[in-house]
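K.L.:
Just dropping this structure here.
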Amino acid sequence: MQRLESLHKRFAVSHKSLFNSACTLNSFLDSTETYYDQLLKSCNVLAALKQIHSSLTTSGLITQNPHLGAQLIIKYTKYGEPNTSRSLFNNLQSDKPNSFLWNTMLRAYTNSGHFVETVELYSLMRRSGISSNNYTFPFVLKVCASKSLILNGKVVHADVIRTGFHSDIYVEAALVDMYAKCGQTDDGCKVFDEMSMRDLVSWTSMITAYEQAEKPKEALLLFQKMQQEGLLADSVTIVTVASAVGQLGDAMRAQEVHGYAICNAFLEDLCVGNSIVAMYAKCGNVEQSRVVFNQMQERDGISWNSMLSGYTQNGQASEALLLFDEMQDSGCKPNPVTALIMVSACAYLGSRLHGRKLHNFIINRNIKIDATLCNTLMDMYAKCGDLDTAECMFNDIHPSERDVSSWNVLISGYGMHGHGKKALELFTRMQDEGVEPNHITFTSILSACSHAGLIDEGRNCFADMTKLSVKPEAKHYACMVDMLGRAGNLYEAFDMIKQMPSPPNDSVWGALLLACRIHGNMELGEIAANSLFQLEPEHSGYFVLLSNIYAASNNWQEVGKIRQAMKYKGLKKPAAFSMIEYRNETYGFYTADQVNPYNKEVYEKVESMSIEMKMAGHVPDLSCVLHDVEEEDKEHMLNYHSEKLALAFGIMKIEPELAIQITKNLRVCNDCHSALKIISYIYGRKIIVRDVNRFHHFGGGACSCKDYW
DNA sequence: TTAGGGTTAG
């Protein structure tokens, strides 16, 4: 309070000398603002402004010097009184109209986010015959850029040319930015190419334009050209360049950018640090992200969010959960973006416990649940096996507030749980309610048809795409190939790939390879695998699938060759891992796990389950063991698959009336799949398994996937 | 005596 009183005294002293000169006023206004800003955000700066305003009006100074009025206009708007600014502006300009005051009012509106008012005022300015100048255009263009008002932007561009300011470096940079943000990169490029002089900001604007248009190669090429012309980047340029490298996913270039930032001391800039963290994560080098993150002198919410999302993107959702705790310990408050990232992490993990806890956290912390967060929460529940809650949330959204993503999430939720018919019903309902399906809707519905084996319905949906002008992309073809492959129509699937308008990607060939593995087609399997080895030479999963095909036909020689190739390339099959939740705790099991706390009990149960299954007629499917070993050893290996260990744990611990839910990081093997079916029958238990592709609901000796997965 | 370029989520 004492500090506040002294401020008031200083204010009074300055106020007395205020009439002496305009210079005193400006510095006074600035100092008032700074002091109040720093000391008390809620302090009544407005009262101070009003006092000054009235003194200036009484003395008549305000009409003599336009800059005094301009200061008040800017500050009134800044402190939440745009209307007071506007009436002051109206009074002043009716007295003595000049461009400077108009520019000031435009500046006040633009910088305080009153975009509609900026556009309206500019329009009034034109009608009133006040001439615009090089200061006018950047403000208006900035609004057109941030609101994607391309039509208004073009009108302003015409005004720029008409008034002869098209060679002003500030106006040109603003034009480049406006076109870029309106998605018209080519027009922006044209302005950029025609510039007679370019400074760092012009170059950065154009580099950003390419980066925003997801053309990272062009962005980086331009960055190179800029350096060739002898310009040194600043921190803003580096942020954009880092983002472009992230889009490209080029780990080598990521190191170069990082090096450049270190050499030029840009890393001290918080934004640069954040962008480097995000860049490394997008290039798959999340360890390096963490190193940079740990080295940062200062961190804000974006730093934490970048690191959290880096872990999630790279499949290290558990690390994200740990870091989330650290974030709170450090005193950084999670924001809605943090919530979104963490909900996605829980969805990835398939952890219902963490998901629910997080949802409660979001509610308790009053984090606003907007449409996106709501949809992500629904998605999380569906992916954690709690489709009921996802449905409830969907029903709770007012019909007028359901967007296309809300429908997509639920359609895809039904799909992954094998409820194809329900997904189709929802697909029809959304259209009846006037919501247009987009490319994601079609991915969800096609995949739902595929999971449920609804071939004809799937074909119809694929045909609907053209009718609804949604262009089929590779991912849609992948769903179709998966669906046809499931039905055993391998050659029809292969024909579909050949007819694709764009080159097939890895997911398309991957779907064919999976179908070949299930139906034991070595000929097409080899074609698919060879294409995959060219497209994704480092992806171990495809090697494993092909070796599965050979193993199934006892072709151990080929299996050996693949193992050799994998060894040569340094590829390893990721360790199989299954997770189960019991009474607020999460338990994880690796294959042949020797470290879990229930080791002895679990292994005893596995052995007894194995006998029970045999008695019920289960024959171990030894083709699932890739190693060329004795039959008896193979059977032993099968028993210790991670999902079987988790299952044994679940049978022992989880109350009989509750479903046993297991999440696995890879695809469930054939033997485990039949074992799960038979166990569901013997023990009369409901077992839900989420594997890398979908959910399997086991009960009464059958699975919802109808044995295709 | 006013002006142009930036990072995180899906």
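Chain lettering (A, B, ...) mirrors the order of the structure tokens, residue numbering begins at 1 for each chain separately, and ligand numbering begins at 1 in order of display.
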Using only C-alpha atoms (C1' of nucleotides), find each residue of chain A with at least one atom at most 7 Å away from an atom of chain B; report its shortest atom-to-atom pair and that distance in Å (one decimal), sort the rows by chain and rising residue number, and return the result as JSON lines.
P.N.:
```
{"residue": "A:Phe100", "atom": "CA", "partner": "B:DT2", "partner_atom": "C1'", "distance": 7.0}
{"residue": "A:Asn103", "atom": "CA", "partner": "B:DT2", "partner_atom": "C1'", "distance": 6.9}
{"residue": "A:Thr104", "atom": "CA", "partner": "B:DT2", "partner_atom": "C1'", "distance": 6.5}
{"residue": "A:Tyr135", "atom": "CA", "partner": "B:DA3", "partner_atom": "C1'", "distance": 5.2}
{"residue": "A:Pro138", "atom": "CA", "partner": "B:DA3", "partner_atom": "C1'", "distance": 5.9}
{"residue": "A:Tyr170", "atom": "CA", "partner": "B:DG4", "partner_atom": "C1'", "distance": 4.6}
{"residue": "A:Val171", "atom": "CA", "partner": "B:DG4", "partner_atom": "C1'", "distance": 6.6}
{"residue": "A:Ala173", "atom": "CA", "partner": "B:DG4", "partner_atom": "C1'", "distance": 5.0}
{"residue": "A:Ala174", "atom": "CA", "partner": "B:DG4", "partner_atom": "C1'", "distance": 4.9}
{"residue": "A:Val201", "atom": "CA", "partner": "B:DG5", "partner_atom": "C1'", "distance": 5.0}
{"residue": "A:Ser202", "atom": "CA", "partner": "B:DG5", "partner_atom": "C1'", "distance": 7.0}
{"residue": "A:Thr204", "atom": "CA", "partner": "B:DG5", "partner_atom": "C1'", "distance": 5.2}
{"residue": "A:Ser205", "atom": "CA", "partner": "B:DG5", "partner_atom": "C1'", "distance": 4.6}
{"residue": "A:Val236", "atom": "CA", "partner": "B:DG6", "partner_atom": "C1'", "distance": 5.0}
{"residue": "A:Val239", "atom": "CA", "partner": "B:DG6", "partner_atom": "C1'", "distance": 5.8}
{"residue": "A:Thr240", "atom": "CA", "partner": "B:DG6", "partner_atom": "C1'", "distance": 6.3}
{"residue": "A:Cys271", "atom": "CA", "partner": "B:DT7", "partner_atom": "C1'", "distance": 5.2}
{"residue": "A:Val272", "atom": "CA", "partner": "B:DT7", "partner_atom": "C1'", "distance": 7.0}
{"residue": "A:Asn274", "atom": "CA", "partner": "B:DT7", "partner_atom": "C1'", "distance": 5.6}
{"residue": "A:Ser275", "atom": "CA", "partner": "B:DT7", "partner_atom": "C1'", "distance": 4.8}
{"residue": "A:Ile302", "atom": "CA", "partner": "B:DT8", "partner_atom": "C1'", "distance": 4.9}
{"residue": "A:Asn305", "atom": "CA", "partner": "B:DT8", "partner_atom": "C1'", "distance": 5.2}
{"residue": "A:Ser306", "atom": "CA", "partner": "B:DT8", "partner_atom": "C1'", "distance": 4.8}
{"residue": "A:Val337", "atom": "CA", "partner": "B:DA9", "partner_atom": "C1'", "distance": 5.3}
{"residue": "A:Leu340", "atom": "CA", "partner": "B:DA9", "partner_atom": "C1'", "distance": 5.8}
{"residue": "A:Ile341", "atom": "CA", "partner": "B:DA9", "partner_atom": "C1'", "distance": 5.7}
```
K.L.:
How would the residues just chosen look if you wrote them out with N, CA, C and O atoms as a compact mmCIF listing (two decimals), in the first residue's frame?
P.N.:
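The result, written out as result01.txt:
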```
# COMPACT_ATOMS: atom_id res chain seq x y z
N PHE A 100 -3.10 11.04 -39.48
CA PHE A 100 -2.39 10.57 -38.30
C PHE A 100 -3.36 10.06 -37.23
O PHE A 100 -3.20 8.99 -36.66
N ASN A 103 -4.99 6.83 -38.37
CA ASN A 103 -4.06 5.72 -38.20
C ASN A 103 -3.97 5.29 -36.73
O ASN A 103 -3.90 4.11 -36.43
N THR A 104 -3.98 6.31 -35.86
CA THR A 104 -3.90 6.00 -34.44
C THR A 104 -5.09 5.17 -33.98
O THR A 104 -4.94 4.19 -33.25
N TYR A 135 1.43 4.07 -43.25
CA TYR A 135 1.19 3.60 -41.88
C TYR A 135 -0.18 2.95 -41.77
O TYR A 135 -0.40 2.09 -40.93
N PRO A 138 -0.58 -1.39 -43.05
CA PRO A 138 -0.20 -2.54 -42.24
C PRO A 138 -1.22 -2.91 -41.15
O PRO A 138 -1.45 -4.09 -40.90
N TYR A 170 7.34 -1.92 -45.52
CA TYR A 170 6.43 -2.35 -44.44
C TYR A 170 5.11 -2.84 -45.01
O TYR A 170 4.57 -3.86 -44.60
N VAL A 171 4.59 -2.07 -45.99
CA VAL A 171 3.32 -2.43 -46.61
C VAL A 171 3.46 -3.77 -47.33
O VAL A 171 2.60 -4.65 -47.22
N ALA A 173 5.60 -6.26 -46.77
CA ALA A 173 5.71 -7.38 -45.83
C ALA A 173 4.33 -7.74 -45.27
O ALA A 173 4.00 -8.92 -45.12
N ALA A 174 3.54 -6.69 -45.00
CA ALA A 174 2.20 -6.93 -44.47
C ALA A 174 1.34 -7.64 -45.53
O ALA A 174 0.52 -8.51 -45.20
N VAL A 201 12.68 -8.90 -42.16
CA VAL A 201 11.26 -9.16 -41.91
C VAL A 201 10.57 -9.66 -43.18
O VAL A 201 9.77 -10.61 -43.13
N SER A 202 10.91 -9.06 -44.34
CA SER A 202 10.27 -9.53 -45.58
C SER A 202 10.61 -11.00 -45.83
O SER A 202 9.75 -11.80 -46.17
N THR A 204 11.56 -13.24 -43.65
CA THR A 204 10.92 -14.10 -42.65
C THR A 204 9.43 -14.27 -42.95
O THR A 204 8.89 -15.36 -42.79
N SER A 205 8.79 -13.18 -43.41
CA SER A 205 7.36 -13.29 -43.75
C SER A 205 7.15 -14.36 -44.80
O SER A 205 6.23 -15.17 -44.71
N VAL A 236 13.15 -14.72 -34.50
CA VAL A 236 11.86 -15.00 -35.15
C VAL A 236 12.05 -15.93 -36.33
O VAL A 236 11.29 -16.88 -36.53
N VAL A 239 12.61 -19.51 -35.19
CA VAL A 239 11.40 -20.19 -34.75
C VAL A 239 10.67 -20.79 -35.95
O VAL A 239 10.26 -21.96 -35.95
N THR A 240 10.52 -19.99 -37.00
CA THR A 240 9.84 -20.46 -38.21
C THR A 240 10.60 -21.60 -38.87
O THR A 240 10.01 -22.59 -39.28
N CYS A 271 11.00 -18.34 -26.88
CA CYS A 271 10.29 -18.90 -28.03
C CYS A 271 11.19 -19.83 -28.84
O CYS A 271 10.75 -20.85 -29.35
N VAL A 272 12.45 -19.44 -28.96
CA VAL A 272 13.39 -20.27 -29.73
C VAL A 272 13.57 -21.61 -29.02
O VAL A 272 13.47 -22.67 -29.64
N ASN A 274 11.51 -23.10 -27.04
CA ASN A 274 10.28 -23.87 -27.22
C ASN A 274 10.22 -24.50 -28.60
O ASN A 274 9.83 -25.66 -28.75
N SER A 275 10.59 -23.70 -29.61
CA SER A 275 10.46 -24.23 -30.98
C SER A 275 11.49 -25.34 -31.23
O SER A 275 11.20 -26.27 -31.98
N ILE A 302 4.02 -23.01 -22.82
CA ILE A 302 4.29 -23.60 -24.14
C ILE A 302 5.47 -24.57 -24.06
O ILE A 302 5.45 -25.63 -24.69
N ASN A 305 4.06 -27.70 -22.58
CA ASN A 305 3.16 -28.36 -23.54
C ASN A 305 3.92 -28.99 -24.69
O ASN A 305 3.58 -30.07 -25.15
N SER A 306 4.97 -28.29 -25.16
CA SER A 306 5.75 -28.83 -26.28
C SER A 306 6.40 -30.15 -25.87
O SER A 306 6.43 -31.10 -26.64
N VAL A 337 -4.73 -26.34 -23.58
CA VAL A 337 -3.89 -27.11 -24.51
C VAL A 337 -3.23 -28.27 -23.77
O VAL A 337 -3.18 -29.40 -24.27
N LEU A 340 -5.65 -30.99 -23.40
CA LEU A 340 -5.84 -31.71 -24.66
C LEU A 340 -4.72 -32.72 -24.90
O LEU A 340 -4.95 -33.87 -25.27
N ILE A 341 -3.49 -32.27 -24.66
CA ILE A 341 -2.33 -33.15 -24.87
C ILE A 341 -2.41 -34.35 -23.92
O ILE A 341 -2.22 -35.50 -24.32
```
K.L.:
When DSSP is applied to the backbone of this structure, which of range 525-583 of chain A are assigned helix (DSSP H, G or I)? Write them out as an mmCIF file with N, CA and C atoms, in the first residue's frame.
P.N.:
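Result went into part.cif, see below:
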```cif
data_model
loop_
_atom_site.group_PDB
_atom_site.id
_atom_site.type_symbol
_atom_site.label_atom_id
_atom_site.label_comp_id
_atom_site.auth_asym_id
_atom_site.auth_seq_id
_atom_site.Cartn_x
_atom_site.Cartn_y
_atom_site.Cartn_z
ATOM 1 N N GLY A 525 1.917 -61.351 -50.643
ATOM 2 C CA GLY A 525 2.601 -60.911 -49.418
ATOM 3 C C GLY A 525 3.994 -60.397 -49.737
ATOM 4 N N GLU A 526 4.685 -61.099 -50.613
ATOM 5 C CA GLU A 526 6.051 -60.679 -50.968
ATOM 6 C C GLU A 526 6.041 -59.361 -51.741
ATOM 7 N N ILE A 527 5.033 -59.220 -52.632
ATOM 8 C CA ILE A 527 4.927 -57.953 -53.397
ATOM 9 C C ILE A 527 4.705 -56.784 -52.429
ATOM 10 N N ALA A 528 3.739 -56.997 -51.516
ATOM 11 C CA ALA A 528 3.425 -55.936 -50.550
ATOM 12 C C ALA A 528 4.654 -55.622 -49.697
ATOM 13 N N ALA A 529 5.302 -56.686 -49.228
ATOM 14 C CA ALA A 529 6.448 -56.485 -48.338
ATOM 15 C C ALA A 529 7.581 -55.754 -49.054
ATOM 16 N N ASN A 530 7.840 -56.116 -50.300
ATOM 17 C CA ASN A 530 8.936 -55.445 -51.019
ATOM 18 C C ASN A 530 8.660 -53.961 -51.208
ATOM 19 N N SER A 531 7.383 -53.622 -51.486
ATOM 20 C CA SER A 531 7.045 -52.196 -51.612
ATOM 21 C C SER A 531 7.254 -51.501 -50.267
ATOM 22 N N LEU A 532 6.875 -52.205 -49.202
ATOM 23 C CA LEU A 532 7.010 -51.616 -47.869
ATOM 24 C C LEU A 532 8.471 -51.419 -47.479
ATOM 25 N N PHE A 533 9.310 -52.377 -47.862
ATOM 26 C CA PHE A 533 10.727 -52.260 -47.496
ATOM 27 C C PHE A 533 11.363 -51.055 -48.182
ATOM 28 N N GLN A 534 10.810 -50.704 -49.359
ATOM 29 C CA GLN A 534 11.338 -49.513 -50.040
ATOM 30 C C GLN A 534 10.811 -48.233 -49.384
ATOM 31 N N LEU A 535 9.505 -48.255 -49.056
ATOM 32 C CA LEU A 535 8.892 -47.055 -48.485
ATOM 33 C C LEU A 535 9.327 -46.814 -47.046
ATOM 34 N N SER A 540 10.172 -52.077 -38.352
ATOM 35 C CA SER A 540 10.369 -53.498 -38.029
ATOM 36 C C SER A 540 9.071 -54.306 -38.177
ATOM 37 N N GLY A 541 7.922 -53.663 -37.965
ATOM 38 C CA GLY A 541 6.639 -54.374 -37.989
ATOM 39 C C GLY A 541 6.398 -55.105 -39.305
ATOM 40 N N TYR A 542 6.824 -54.506 -40.410
ATOM 41 C CA TYR A 542 6.573 -55.130 -41.709
ATOM 42 C C TYR A 542 7.462 -56.359 -41.918
ATOM 43 N N PHE A 543 8.676 -56.282 -41.417
ATOM 44 C CA PHE A 543 9.571 -57.451 -41.481
ATOM 45 C C PHE A 543 8.952 -58.608 -40.691
ATOM 46 N N VAL A 544 8.400 -58.237 -39.516
ATOM 47 C CA VAL A 544 7.814 -59.267 -38.657
ATOM 48 C C VAL A 544 6.617 -59.920 -39.350
ATOM 49 N N LEU A 545 5.778 -59.076 -39.995
ATOM 50 C CA LEU A 545 4.597 -59.620 -40.680
ATOM 51 C C LEU A 545 5.002 -60.612 -41.764
ATOM 52 N N LEU A 546 6.012 -60.230 -42.562
ATOM 53 C CA LEU A 546 6.437 -61.123 -43.648
ATOM 54 C C LEU A 546 7.026 -62.406 -43.058
ATOM 55 N N SER A 547 7.798 -62.241 -42.010
ATOM 56 C CA SER A 547 8.391 -63.434 -41.430
ATOM 57 C C SER A 547 7.300 -64.315 -40.818
ATOM 58 N N ASN A 548 6.200 -63.683 -40.361
ATOM 59 C CA ASN A 548 5.034 -64.438 -39.899
ATOM 60 C C ASN A 548 4.456 -65.314 -41.010
ATOM 61 N N ILE A 549 4.398 -64.718 -42.214
ATOM 62 C CA ILE A 549 3.837 -65.456 -43.354
ATOM 63 C C ILE A 549 4.696 -66.695 -43.634
ATOM 64 N N TYR A 550 6.029 -66.490 -43.632
ATOM 65 C CA TYR A 550 6.929 -67.620 -43.893
ATOM 66 C C TYR A 550 6.840 -68.649 -42.759
ATOM 67 N N ALA A 551 6.802 -68.139 -41.525
ATOM 68 C CA ALA A 551 6.771 -69.055 -40.378
ATOM 69 C C ALA A 551 5.521 -69.921 -40.410
ATOM 70 N N ALA A 552 4.391 -69.295 -40.806
ATOM 71 C CA ALA A 552 3.127 -70.035 -40.833
ATOM 72 C C ALA A 552 3.207 -71.222 -41.795
ATOM 73 N N TRP A 556 11.312 -71.871 -42.610
ATOM 74 C CA TRP A 556 12.220 -71.289 -41.623
ATOM 75 C C TRP A 556 13.452 -70.665 -42.250
ATOM 76 N N GLN A 557 13.745 -71.108 -43.463
ATOM 77 C CA GLN A 557 14.907 -70.541 -44.149
ATOM 78 C C GLN A 557 14.673 -69.045 -44.420
ATOM 79 N N GLU A 558 13.455 -68.742 -44.961
ATOM 80 C CA GLU A 558 13.128 -67.347 -45.259
ATOM 81 C C GLU A 558 13.005 -66.529 -43.966
ATOM 82 N N VAL A 559 12.429 -67.179 -42.950
ATOM 83 C CA VAL A 559 12.318 -66.500 -41.652
ATOM 84 C C VAL A 559 13.714 -66.088 -41.190
ATOM 85 N N GLY A 560 14.653 -67.027 -41.342
ATOM 86 C CA GLY A 560 16.032 -66.765 -40.937
ATOM 87 C C GLY A 560 16.613 -65.583 -41.696
ATOM 88 N N LYS A 561 16.332 -65.536 -43.020
ATOM 89 C CA LYS A 561 16.868 -64.432 -43.851
ATOM 90 C C LYS A 561 16.335 -63.082 -43.351
ATOM 91 N N ILE A 562 15.032 -63.080 -43.028
ATOM 92 C CA ILE A 562 14.437 -61.815 -42.552
ATOM 93 C C ILE A 562 15.062 -61.405 -41.223
ATOM 94 N N ARG A 563 15.252 -62.386 -40.359
ATOM 95 C CA ARG A 563 15.880 -62.076 -39.072
ATOM 96 C C ARG A 563 17.281 -61.505 -39.278
ATOM 97 N N GLN A 564 17.978 -62.079 -40.256
ATOM 98 C CA GLN A 564 19.325 -61.603 -40.589
ATOM 99 C C GLN A 564 19.275 -60.152 -41.068
ATOM 100 N N ALA A 565 18.291 -59.922 -42.005
ATOM 101 C CA ALA A 565 18.156 -58.571 -42.573
ATOM 102 C C ALA A 565 17.861 -57.566 -41.463
ATOM 103 N N MET A 566 17.004 -57.977 -40.541
ATOM 104 C CA MET A 566 16.648 -57.076 -39.441
ATOM 105 C C MET A 566 17.868 -56.806 -38.558
ATOM 106 N N LYS A 567 18.625 -57.853 -38.339
ATOM 107 C CA LYS A 567 19.802 -57.734 -37.490
ATOM 108 C C LYS A 567 20.814 -56.784 -38.145
ATOM 109 N N TYR A 568 20.969 -56.982 -39.486
ATOM 110 C CA TYR A 568 21.910 -56.174 -40.260
ATOM 111 C C TYR A 568 21.533 -54.699 -40.193
ATOM 112 N N LYS A 569 20.229 -54.449 -40.251
ATOM 113 C CA LYS A 569 19.746 -53.060 -40.219
ATOM 114 C C LYS A 569 19.648 -52.525 -38.782
#
```
K.L.:
So how many Å separate CA of Glu601 in chain A and CA of Leu645 in chain A, to one decimal?
P.N.:
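Pair CA of Glu601 in chain A / CA of Leu645 in chain A returns 10.1 Å.
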K.L.:
To one decimal place in Å, what is the distance between CA of Val292 in chain A and CA of Ile276 in chain A?
P.N.:
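Computing it gives 7.5 Å between the two atoms.
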K.L.:
Measure the distance from CA of Tyr582 in chain A to CA of Ile688 in chain A in Å and round it to one decimal.
P.N.:
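It comes out at 13.9 Å.
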